[in-house]
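Heads up, the thing below is written out as structure tokens.
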Amino acid sequence: MAKHDKINVGASTILNPVPVVMISCAGKDPSTTEGRPNIITVAWAGTINSEPPMVSVSIRKSRHSHKLISETGEFVINLVNKQLCKPCDLCGVKSGADIDKFATCGLTAVKADDLEYAYAIKEAPVSISCKVESVTELPSHDVFTATVVGVTADSYLLDENGRLCLDNANLVAYNHGEYFLLGKKLGFFGYSVASEEIIKKRMGEK
Ligand SMILES: Cc1cc2nc3c(=O)[nH]c(=O)nc-3n(C[C@H](O)[C@H](O)[C@H](O)COP(=O)(O)O)c2cc1C
């Protein structure tokens with residue numbers, strides 16, 4: 001067979017790569033076992049609107065985090081870097097109903113900016129505070145649609161002009177069941193039509 005001869009491999013969730021994120025949340029009473037700050041790993045997450053910034057995250061009803069997010073209408077999306085990759089996996093295979101995932105992973109829960117109940121992960125390079133607008137029930141997952149109400153980033157990610165440089169964050173992507181460290185920069189938005197000068201400037205920079 002020739003390289004581009006197609007084979008039907010069946011309908012599945014094959015859209016790849018996707019972000020993998022650690023979503024932190026808590027109940028209204030974080031001093032209880034039931035409501036303590038928790039982390040769930042989510043791969044079914046995405047940006048769905050620009051102004052205002054909005055996201056969607058799909059979470060099964062059976063997850064402990066589903067209860068917490070439904071109770072408060074708040075959650076924080078924490079981006080995953082190389083250092084957080086293993087904790088991220090652990091938060092995706094253990095339930096907060098059984099263990100304290102912050103303690104187990106040696107992570108620090110800090111009150112999230114712009115939210116009343118949810119906690120952010122201090123060790124995450126970027127934390128995105130979200131308020132739920134609506135929930136759509138799909139056959140396997142519930143889709144939480146939320147507005148981004150605040151973002152915090154580690155100071156080392158800002159350049160001297162205050163610009164966020166995510167290329168320095170060592171972020172991780174999820175591809176067909178495996179975690180990958182983002183690698184070589186191939187281009188930038190609009191590079192296919194940019195001048196030689198701009199390409200040289202943008203591709204040369206760290
Ligand atoms: C890489 C990865 C991606 C995951 N993506 C999702 C997801 O998008 N939605 C979901 O409901 N569960 C997802 N899970 C499973 C939950 O993270 C897992 O069931 C977790 O233990 C639930 O925690 P909780 O009971 O404390 O909420 C994923 C797990 C892993 C490892």
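Chain labels follow the order of the structure tokens: the first chain is A, the next B, and so on; residue numbering restarts at 1 in every chain, and ligands are counted from 1 in their shown order.
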
Check: Using only C-alpha atoms, which residues sit within 6 Å of Asn38 in chain A once same-chain residues fewer than 4 positions away are excluded, as a list in words?
Finding: Ser24, Cys25, Ala26 and Gly96 of chain A

Residue selection dump (C-alpha atoms) as a PDB file, in the first residue's frame:
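Once written, selection-v8.pdb looks like this:
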ATOM      1  CA  SER A  24      -8.274  21.948  41.289  1.00  0.00           C
ATOM      2  CA  CYS A  25     -11.505  22.444  43.187  1.00  0.00           C
ATOM      3  CA  ALA A  26     -12.968  22.193  46.686  1.00  0.00           C
ATOM      4  CA  GLY A  96     -10.109  12.522  46.101  1.00  0.00           C
TER       5      GLY A  96
END

Next item on the list: Compile the contact shell of range 163-170 of chain A as a ChimeraX atom specification: residues with an atom at most 10 Å away, counting only C-alpha atoms, same-chain residues fewer than 4 positions apart removed.
Entry: /A:79-83,124-126,153-159,181-185,206

Preceding selection exported with C-alpha atoms as a compact mmCIF listing (two decimals), in the first residue's frame:
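Below is the file that was written, part-v1.txt:
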# COMPACT_ATOMS: atom_id res chain seq x y z
CA LEU A 79 -1.25 23.93 33.32
CA VAL A 80 1.08 20.94 33.55
CA ASN A 81 4.84 21.21 33.15
CA LYS A 82 7.55 18.55 33.21
CA GLN A 83 7.82 18.63 37.02
CA ALA A 124 1.71 25.04 38.62
CA PRO A 125 3.25 27.55 36.17
CA VAL A 126 -0.15 28.98 35.19
CA ALA A 153 1.49 32.91 36.21
CA ASP A 154 4.88 32.27 37.78
CA SER A 155 6.98 35.43 37.66
CA TYR A 156 9.80 33.74 35.73
CA LEU A 157 7.43 33.35 32.78
CA LEU A 158 7.10 37.11 32.26
CA ASP A 159 9.71 38.96 30.20
CA LEU A 181 7.13 17.46 26.60
CA LEU A 182 6.57 20.23 24.02
CA GLY A 183 9.60 20.40 21.79
CA LYS A 184 10.94 22.39 18.90
CA LYS A 185 9.23 25.60 17.77
CA LYS A 206 14.52 32.05 22.76

Notebook entry, point to check: Near Val55 in chain A, within 8 Å and counting only C-alpha atoms, which residues show up once chain neighbours fewer than 6 positions away are dropped, as a VMD selection string?
Noted result: chain A and resid 45 to 49 145 to 148

Go through chain A residue by residue and, counting only C-alpha atoms and all ligand atoms, keep those with an atom at most 9 Å from ligand 1; for each kept residue give the shortest atom pair and its distance in Å to one decimal, ordered by chain and increasing number, as a Markdown table.
| residue | atom | partner | partner_atom_place_in_ligand_line | distance |
| --- | --- | --- | --- | --- |
| A:Val20 | CA | ligand 1 | 1 (C) | 6.2 |
| A:Val21 | CA | ligand 1 | 3 (C) | 8.0 |
| A:Met22 | CA | ligand 1 | 17 (O) | 8.4 |
| A:Ile23 | CA | ligand 1 | 17 (O) | 8.9 |
| A:Asn38 | CA | ligand 1 | 26 (O) | 6.2 |
| A:Ile39 | CA | ligand 1 | 26 (O) | 6.1 |
| A:Ile40 | CA | ligand 1 | 23 (O) | 4.6 |
| A:Thr41 | CA | ligand 1 | 17 (O) | 3.9 |
| A:Val42 | CA | ligand 1 | 5 (N) | 3.5 |
| A:Ala43 | CA | ligand 1 | 5 (N) | 4.0 |
| A:Trp44 | CA | ligand 1 | 8 (O) | 3.7 |
| A:Ala45 | CA | ligand 1 | 8 (O) | 6.5 |
| A:Val57 | CA | ligand 1 | 8 (O) | 6.9 |
| A:Ser58 | CA | ligand 1 | 9 (N) | 5.2 |
| A:Ile59 | CA | ligand 1 | 11 (O) | 3.3 |
| A:Arg60 | CA | ligand 1 | 11 (O) | 4.0 |
| A:Lys61 | CA | ligand 1 | 11 (O) | 7.4 |
| A:Ser62 | CA | ligand 1 | 25 (O) | 7.2 |
| A:Arg63 | CA | ligand 1 | 25 (O) | 4.0 |
| A:His64 | CA | ligand 1 | 25 (O) | 3.8 |
| A:Ser65 | CA | ligand 1 | 27 (O) | 3.6 |
| A:His66 | CA | ligand 1 | 27 (O) | 6.3 |
| A:Lys67 | CA | ligand 1 | 27 (O) | 8.2 |
| A:Leu68 | CA | ligand 1 | 27 (O) | 8.4 |
| A:Cys88 | CA | ligand 1 | 31 (C) | 7.2 |
| A:Asp89 | CA | ligand 1 | 31 (C) | 4.8 |
| A:Leu90 | CA | ligand 1 | 31 (C) | 7.0 |
| A:Cys91 | CA | ligand 1 | 21 (O) | 5.7 |
| A:Gly92 | CA | ligand 1 | 17 (O) | 3.2 |
| A:Val93 | CA | ligand 1 | 21 (O) | 4.2 |
| A:Lys94 | CA | ligand 1 | 21 (O) | 4.1 |
| A:Ser95 | CA | ligand 1 | 26 (O) | 3.5 |
| A:Gly96 | CA | ligand 1 | 26 (O) | 3.5 |
| A:Ala97 | CA | ligand 1 | 26 (O) | 6.0 |
| A:Asp98 | CA | ligand 1 | 26 (O) | 8.0 |
| A:Ile99 | CA | ligand 1 | 26 (O) | 8.2 |
| A:Asp100 | CA | ligand 1 | 26 (O) | 8.8 |
| A:Lys101 | CA | ligand 1 | 26 (O) | 7.8 |
| A:Ser140 | CA | ligand 1 | 11 (O) | 8.7 |
| A:His141 | CA | ligand 1 | 11 (O) | 6.5 |
| A:Asp142 | CA | ligand 1 | 11 (O) | 8.2 |
| A:Tyr174 | CA | ligand 1 | 1 (C) | 6.9 |
| A:Gly177 | CA | ligand 1 | 1 (C) | 6.7 |
| A:Glu178 | CA | ligand 1 | 1 (C) | 7.6 |
| A:Tyr179 | CA | ligand 1 | 1 (C) | 7.7 |

Those same residues, written as a short mmCIF file (atom, residue, chain, number, x, y, z; two decimals), in the first residue's frame with N, CA and C atoms?
data_model
loop_
_atom_site.label_atom_id
_atom_site.label_comp_id
_atom_site.auth_asym_id
_atom_site.auth_seq_id
_atom_site.Cartn_x
_atom_site.Cartn_y
_atom_site.Cartn_z
N VAL A 20 -3.30 18.39 28.57
CA VAL A 20 -3.70 17.67 29.77
C VAL A 20 -3.52 18.66 30.91
N VAL A 21 -4.55 18.79 31.74
CA VAL A 21 -4.52 19.81 32.79
C VAL A 21 -4.90 19.22 34.13
N MET A 22 -4.47 19.89 35.19
CA MET A 22 -4.85 19.48 36.54
C MET A 22 -5.89 20.50 37.02
N ILE A 23 -7.10 20.02 37.22
CA ILE A 23 -8.17 20.92 37.66
C ILE A 23 -8.31 20.81 39.17
N ASN A 38 -9.13 19.39 46.11
CA ASN A 38 -8.89 18.18 45.32
C ASN A 38 -8.34 18.55 43.94
N ILE A 39 -7.79 17.54 43.28
CA ILE A 39 -7.26 17.74 41.92
C ILE A 39 -7.74 16.59 41.04
N ILE A 40 -8.28 16.93 39.88
CA ILE A 40 -8.63 15.90 38.89
C ILE A 40 -7.87 16.20 37.60
N THR A 41 -7.31 15.17 37.01
CA THR A 41 -6.63 15.32 35.72
C THR A 41 -7.67 15.22 34.61
N VAL A 42 -7.60 16.15 33.67
CA VAL A 42 -8.59 16.20 32.59
C VAL A 42 -7.88 16.42 31.25
N ALA A 43 -8.26 15.60 30.28
CA ALA A 43 -7.75 15.79 28.92
C ALA A 43 -8.82 16.37 28.00
N TRP A 44 -10.08 16.22 28.39
CA TRP A 44 -11.16 16.75 27.55
C TRP A 44 -11.47 18.19 27.99
N ALA A 45 -10.56 19.09 27.64
CA ALA A 45 -10.70 20.50 28.03
C ALA A 45 -10.31 21.37 26.84
N VAL A 57 -14.85 21.98 30.10
CA VAL A 57 -14.18 20.77 30.61
C VAL A 57 -15.25 19.69 30.75
N SER A 58 -14.91 18.49 30.30
CA SER A 58 -15.86 17.37 30.34
C SER A 58 -15.48 16.42 31.46
N ILE A 59 -16.41 16.23 32.38
CA ILE A 59 -16.12 15.42 33.56
C ILE A 59 -17.26 14.42 33.79
N ARG A 60 -16.88 13.18 34.02
CA ARG A 60 -17.90 12.15 34.28
C ARG A 60 -18.60 12.43 35.60
N LYS A 61 -19.89 12.09 35.64
CA LYS A 61 -20.67 12.28 36.87
C LYS A 61 -20.07 11.52 38.05
N SER A 62 -19.41 10.39 37.78
CA SER A 62 -18.90 9.53 38.85
C SER A 62 -17.68 10.13 39.58
N ARG A 63 -17.05 11.15 39.01
CA ARG A 63 -15.84 11.72 39.64
C ARG A 63 -16.21 12.50 40.89
N HIS A 64 -15.37 12.36 41.91
CA HIS A 64 -15.54 13.15 43.14
C HIS A 64 -15.53 14.65 42.81
N SER A 65 -14.66 15.04 41.90
CA SER A 65 -14.54 16.46 41.52
C SER A 65 -15.83 17.00 40.90
N HIS A 66 -16.58 16.13 40.23
CA HIS A 66 -17.85 16.55 39.63
C HIS A 66 -18.76 17.11 40.72
N LYS A 67 -18.78 16.43 41.87
CA LYS A 67 -19.62 16.88 43.00
C LYS A 67 -19.15 18.25 43.48
N LEU A 68 -17.82 18.38 43.67
CA LEU A 68 -17.27 19.63 44.21
C LEU A 68 -17.54 20.81 43.28
N CYS A 88 0.38 14.75 37.92
CA CYS A 88 -0.77 14.87 37.04
C CYS A 88 -1.34 13.48 36.75
N ASP A 89 -0.46 12.54 36.46
CA ASP A 89 -0.94 11.18 36.20
C ASP A 89 -1.60 10.58 37.44
N LEU A 90 -0.97 10.80 38.60
CA LEU A 90 -1.53 10.25 39.84
C LEU A 90 -2.92 10.81 40.13
N CYS A 91 -3.08 12.11 39.86
CA CYS A 91 -4.39 12.75 40.10
C CYS A 91 -5.44 12.25 39.11
N GLY A 92 -4.99 11.51 38.11
CA GLY A 92 -5.91 10.95 37.13
C GLY A 92 -6.21 9.48 37.35
N VAL A 93 -5.60 8.90 38.36
CA VAL A 93 -5.86 7.46 38.63
C VAL A 93 -6.33 7.21 40.05
N LYS A 94 -6.29 8.22 40.91
CA LYS A 94 -6.76 8.09 42.31
C LYS A 94 -7.87 9.10 42.53
N SER A 95 -8.82 8.73 43.39
CA SER A 95 -9.93 9.64 43.67
C SER A 95 -9.74 10.42 44.96
N GLY A 96 -10.13 11.67 44.92
CA GLY A 96 -10.11 12.52 46.10
C GLY A 96 -11.09 12.06 47.17
N ALA A 97 -11.97 11.14 46.81
CA ALA A 97 -12.88 10.57 47.81
C ALA A 97 -12.08 9.64 48.73
N ASP A 98 -10.95 9.11 48.23
CA ASP A 98 -10.15 8.13 48.99
C ASP A 98 -8.88 8.71 49.59
N ILE A 99 -8.25 9.64 48.90
CA ILE A 99 -6.98 10.20 49.39
C ILE A 99 -6.97 11.72 49.23
N ASP A 100 -6.08 12.37 50.02
CA ASP A 100 -5.82 13.80 49.86
C ASP A 100 -4.74 13.93 48.79
N LYS A 101 -5.12 14.33 47.60
CA LYS A 101 -4.16 14.32 46.48
C LYS A 101 -3.12 15.44 46.62
N SER A 140 -21.67 10.23 28.16
CA SER A 140 -20.70 9.74 29.16
C SER A 140 -20.21 10.85 30.10
N HIS A 141 -20.10 12.07 29.61
CA HIS A 141 -19.53 13.17 30.39
C HIS A 141 -20.50 14.35 30.50
N ASP A 142 -20.34 15.13 31.56
CA ASP A 142 -21.04 16.42 31.65
C ASP A 142 -20.04 17.50 31.23
N TYR A 174 -0.76 15.81 25.71
CA TYR A 174 -1.21 14.42 25.82
C TYR A 174 -1.52 13.93 24.42
N GLY A 177 -2.87 8.77 24.72
CA GLY A 177 -2.60 7.99 25.94
C GLY A 177 -1.21 8.20 26.52
N GLU A 178 -0.41 9.11 25.93
CA GLU A 178 0.96 9.31 26.43
C GLU A 178 1.25 10.80 26.60
N TYR A 179 2.12 11.08 27.58
CA TYR A 179 2.49 12.47 27.88
C TYR A 179 3.77 12.83 27.12
#

Next item on the list: Taking the chain letters and numbering used in this document, name the residues of chain A that DSSP puts in helix (DSSP H, G or I), as number ranges by chain.
Entry: A: 64-72, 82-90, 101-105, 155-157, 166-168, 191-193, 196-204

Check: CA of Met203 in chain A and CA of Leu186 in chain A are how many Å apart?
Finding: 8.2 Å

Next item on the list: Just give me the gap between CA of Val172 in chain A and CA of Ile121 in chain A in Å, one decimal is fine.
Entry: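 Value for the CA of Val172 in chain A-CA of Ile121 in chain A distance: 16.1 Å.
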
Check: Which residues come within 12 Å of His176 in chain A, counting only C-alpha atoms, excluding same-chain residues fewer than 6 positions away, as a list in words?
Finding: Ser12, Thr13, Ile14, Leu15, Asn16, Pro17, Val18, Pro19, Val20 and Ala43 of chain A

Next item on the list: Identify all residues of range 102-146 of chain A in strand (DSSP E) (DSSP on the backbone) and supply them as a PyMOL selection string.
Entry: chain A and resi 109-111+119-121+126-137+142-146

Do you know which residues are at most 12 Å from Glu116 in chain A counting only C-alpha atoms, after dropping those on the same chain fewer than 2 positions away, and could you put them as a PDB file with C-alpha atoms, in the first residue's frame?
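Result went into out-v3.pdb, see below:
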ATOM      1  CA  CYS A  25     -11.505  22.444  43.187  1.00  0.00           C
ATOM      2  CA  ALA A  26     -12.968  22.193  46.686  1.00  0.00           C
ATOM      3  CA  GLY A  27     -16.313  21.952  48.433  1.00  0.00           C
ATOM      4  CA  LYS A  28     -17.950  24.811  50.314  1.00  0.00           C
ATOM      5  CA  ASP A  29     -16.434  23.458  53.538  1.00  0.00           C
ATOM      6  CA  PRO A  30     -12.778  22.599  52.792  1.00  0.00           C
ATOM      7  CA  THR A  72     -19.469  25.655  44.171  1.00  0.00           C
ATOM      8  CA  GLY A  73     -19.621  26.417  40.443  1.00  0.00           C
ATOM      9  CA  GLU A  74     -15.870  27.070  40.534  1.00  0.00           C
ATOM     10  CA  PHE A  75     -12.649  25.381  39.441  1.00  0.00           C
ATOM     11  CA  VAL A  76      -9.080  26.216  38.499  1.00  0.00           C
ATOM     12  CA  VAL A 110      -3.495  28.202  47.663  1.00  0.00           C
ATOM     13  CA  LYS A 111      -6.721  30.186  47.515  1.00  0.00           C
ATOM     14  CA  ALA A 112      -7.423  30.991  43.883  1.00  0.00           C
ATOM     15  CA  ASP A 113      -7.515  34.592  42.700  1.00  0.00           C
ATOM     16  CA  ASP A 114     -11.005  35.854  41.862  1.00  0.00           C
ATOM     17  CA  ALA A 118     -11.637  26.872  44.697  1.00  0.00           C
ATOM     18  CA  TYR A 119      -7.910  26.418  45.334  1.00  0.00           C
ATOM     19  CA  ALA A 120      -5.059  26.666  42.853  1.00  0.00           C
ATOM     20  CA  SER A 129      -9.680  30.653  37.648  1.00  0.00           C
ATOM     21  CA  CYS A 130     -13.032  29.645  36.162  1.00  0.00           C
ATOM     22  CA  LYS A 131     -16.692  30.202  37.060  1.00  0.00           C
ATOM     23  CA  VAL A 149     -12.256  35.266  35.646  1.00  0.00           C
TER      24      VAL A 149
END

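Atom pair CA of Glu71 in chain A / CA of Glu137 in chain A has a distance of 16.2 Å (rounded to one decimal).
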
Check: With only C-alpha atoms as the basis for distance, which of A:Ile128, A:Ser195, A:Ala173, A:Glu160 is at the shortest distance from Pro53 in chain A?
Finding: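 The closest residue to Pro53 in chain A is A:Ile128.
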